[in-house]
Amino acid sequence: MTLIKNNQDAWAERWPAPAKLNLMLRITGQRNDGYHLLQTVFQFIDLCDWITFHEVGDGAVRLSKTIPGVPEADDLTIRAAKLLKAETGCEKGVYIDVEKNLPMGGGLGGGSSDAATTLVVLNKLWNLNLSKERLGEIGLTLGADVPVFVYGYSAWAEGVGEKIEKISLPEQWVVLIKPDCHVDTKEIFSSKDLTRNSKSIKIADFIAGKHQNDCLGVVRERYQPVRDALVDLSRFAEARLTGTGACVFSQFDSKEAAVSAYRSLQKMWQVYLVKGVNESPLFSKLRATN
């Protein structure tokens, strides 16, 4: 594989793949194909993986290093790049370097975000000029969460996550705990105890305070570390589960309160102090580099 020394600024950049929080997750039904129908609210946080793309001259798509336990062929950045090539007939290649900071199995959407950043940035670097809508359609074949990362703004989402509506939310400070466990999303969604018939609500209902997560009961019952993290975090503010977890989070109106909680929890947990943001850091950077 031959790396091309390219001085174009975009090829030299490190591109963020941000985490998301599910601020609400209702399961309103299930399709015949097994996919669950959801209502959820996504907001980004400023905790990111970082991806660098290097141009190669032989059309190959490769990783600089694999994630332990994930074969290169299964890595979502590789799958996204190859899918983009297949969809467009692009013959260019890329060497992908991922700095992995988002914990896996945490409900933060790390793999989906990596895939979305790959689609969005390679669309730019390869001059493919696909619309955001088309990139979202491609992303949906990789995972239900990919379209919201392609969309790039806080969103109310329905269906299996592909019906997206822009929503602006308070950009609060967040304390995030990653318990020492990996929650299996398929296990949670296949549980007979999972609520699958929640009543649909409106955005106004969410804004008014309806932010239940229908996965919480099953996850809390099956994963003691998640249960313990919820108890410890709830000493400082309402503790909530993002997605199917394992990560739990609390929002704070002031940085001081968030810092106080973060420092108190540091000795007991893998904990992060982050900020909720409406615009994805990826799209903030894209605007800055245009």
# chains A, B, ... in the order shown; residues from 1 in each chain; ligands from 1
$ closest_atom_pairs --of "segment 206-282 of chain A" --to "segment 13-19 of chain A" --cutoff "8 Å" --atoms "only C-alpha atoms" --output "Markdown table"
| residue | atom | partner | partner_atom | distance |
| --- | --- | --- | --- | --- |
| A:Ser280 | CA | A:Pro18 | CA | 6.9 |
| A:Pro281 | CA | A:Pro16 | CA | 6.4 |
| A:Leu282 | CA | A:Pro16 | CA | 5.2 |
$ write_last_selection --atoms "N, CA and C atoms" --output "CSV table (one decimal), in the first residue's frame"
chain,number,residue,atom,x,y,z
A,280,SER,N,-22.9,18.8,16.2
A,280,SER,CA,-21.9,17.9,16.3
A,280,SER,C,-20.5,18.5,16.1
A,281,PRO,N,-19.5,18.2,16.9
A,281,PRO,CA,-18.2,18.7,16.7
A,281,PRO,C,-17.6,18.5,15.3
A,282,LEU,N,-18.1,17.4,14.7
A,282,LEU,CA,-17.6,17.1,13.3
A,282,LEU,C,-18.0,18.2,12.4
$ residues_around --residues "Gly109 of chain A" --least-positions-apart "2" --cutoff "10 Å" --atoms "only C-alpha atoms" --output "ChimeraX atom specification"
/A:17-22,102-107,111-115,143-146,149,242-243
$ closest_residue --among "A:Ile138, A:Val271, A:Val175, A:Ile203" --to "Glu158 of chain A" --atoms "only C-alpha atoms"
A:Ile203
$ closest_residue --among "A:Tyr223, A:Phe236, A:Phe206, A:Tyr153" --to "Ala257 of chain A" --atoms "only C-alpha atoms"
A:Phe236
$ atom_distance --atom1 "atom CA of Gly245 of chain A" --atom2 "atom CA of Val226 of chain A"
7.9 Å
$ select_by_dssp --residues "segment 33-262 of chain A" --states "alpha helix (DSSP H)" --output "compact mmCIF listing (two decimals) with C-alpha atoms, in the first residue's frame"
# COMPACT_ATOMS: atom_id res chain seq x y z
CA LEU A 76 -17.44 0.18 10.94
CA THR A 77 -14.98 2.69 9.48
CA ILE A 78 -13.76 0.08 7.00
CA ARG A 79 -17.30 -1.01 6.17
CA ALA A 80 -18.37 2.63 5.71
CA ALA A 81 -15.46 3.44 3.38
CA LYS A 82 -15.98 0.31 1.29
CA LEU A 83 -19.72 0.92 1.09
CA LEU A 84 -19.11 4.49 -0.06
CA LYS A 85 -16.78 3.20 -2.79
CA ALA A 86 -19.32 0.59 -3.88
CA GLU A 87 -22.20 3.08 -3.96
CA THR A 88 -20.31 5.65 -6.03
CA GLY A 110 -18.95 5.19 19.19
CA GLY A 111 -18.93 2.74 16.29
CA SER A 112 -21.84 4.49 14.59
CA SER A 113 -20.16 7.86 15.03
CA ASP A 114 -16.89 6.54 13.57
CA ALA A 115 -18.84 5.24 10.57
CA ALA A 116 -20.63 8.57 10.10
CA THR A 117 -17.41 10.58 10.28
CA THR A 118 -15.90 8.24 7.70
CA LEU A 119 -18.86 8.74 5.34
CA VAL A 120 -19.01 12.51 5.78
CA VAL A 121 -15.29 13.20 5.55
CA LEU A 122 -14.51 10.80 2.69
CA ASN A 123 -17.46 12.29 0.79
CA LYS A 124 -15.51 15.56 1.05
CA LEU A 125 -12.00 14.21 0.50
CA LYS A 132 -26.44 14.53 3.56
CA GLU A 133 -29.72 12.68 2.98
CA ARG A 134 -28.01 10.12 0.74
CA LEU A 135 -25.17 9.66 3.21
CA GLY A 136 -27.78 9.07 5.92
CA GLU A 137 -29.45 6.39 3.78
CA ILE A 138 -26.12 4.66 3.28
CA GLY A 139 -25.35 4.99 6.97
CA LEU A 140 -28.64 3.39 7.99
CA VAL A 146 -25.52 6.32 12.02
CA PRO A 147 -27.99 8.75 10.36
CA VAL A 148 -28.16 11.09 13.36
CA PHE A 149 -24.37 11.43 13.35
CA VAL A 150 -24.52 12.19 9.62
CA TYR A 151 -27.29 14.72 10.29
CA THR A 185 -27.78 -4.36 23.07
CA LYS A 186 -29.24 -7.42 21.33
CA GLU A 187 -29.75 -9.09 24.70
CA ILE A 188 -31.67 -6.10 26.04
CA PHE A 189 -33.87 -5.71 22.96
CA ILE A 203 -41.60 16.92 21.52
CA ALA A 204 -43.45 19.27 23.87
CA ASP A 205 -44.00 16.34 26.27
CA PHE A 206 -40.28 15.64 26.32
CA ILE A 207 -39.48 19.31 26.93
CA LEU A 216 -33.59 1.10 32.09
CA GLY A 217 -35.53 -1.55 34.02
CA VAL A 218 -34.05 -4.51 32.14
CA VAL A 219 -30.48 -3.13 32.20
CA ARG A 220 -30.65 -2.23 35.88
CA GLU A 221 -31.94 -5.71 36.74
CA ARG A 222 -29.27 -7.56 34.79
CA GLN A 224 -25.14 -4.74 38.95
CA PRO A 225 -22.41 -2.21 38.00
CA VAL A 226 -25.00 -0.09 36.19
CA ARG A 227 -27.28 -0.26 39.21
CA ASP A 228 -24.44 0.83 41.50
CA ALA A 229 -23.43 3.69 39.19
CA LEU A 230 -27.00 4.99 39.11
CA VAL A 231 -27.11 5.01 42.90
CA ASP A 232 -23.79 6.86 43.28
CA LEU A 233 -24.52 9.42 40.57
CA LYS A 255 -19.99 23.84 35.65
CA GLU A 256 -19.20 24.18 39.36
CA ALA A 257 -21.81 21.61 40.37
CA ALA A 258 -20.66 19.24 37.63
CA VAL A 259 -17.01 19.57 38.62
CA SER A 260 -17.88 18.89 42.27
CA ALA A 261 -19.73 15.70 41.36
CA TYR A 262 -16.97 14.63 38.96
$ closest_residue --among "A:Thr28, A:Gln212, A:Ser154, A:Ser250" --to "Phe42 of chain A" --atoms "only C-alpha atoms"
A:Ser154
$ atom_distance --atom1 "atom CA of Met268 of chain A" --atom2 "atom CA of Ser234 of chain A"
14.2 Å
$ closest_residue --among "A:Ile67, A:Glu279, A:Leu273, A:Ala246" --to "Gly152 of chain A" --atoms "only C-alpha atoms"
A:Glu279
$ closest_residue --among "A:Gly93, A:Gly34, A:Pro170, A:Gly29" --to "Glu55 of chain A" --atoms "only C-alpha atoms"
A:Gly93
$ atom_distance --atom1 "atom CA of Trp50 of chain A" --atom2 "atom CA of Glu99 of chain A"
5.0 Å
$ select_by_dssp --residues "segment 78-283 of chain A" --states "strand (DSSP E or B)" --output "MDAnalysis selection string"
chainID A and resid 93:99 153 155:159 163:166 173:178 213 240:241 248:252 270:277 279
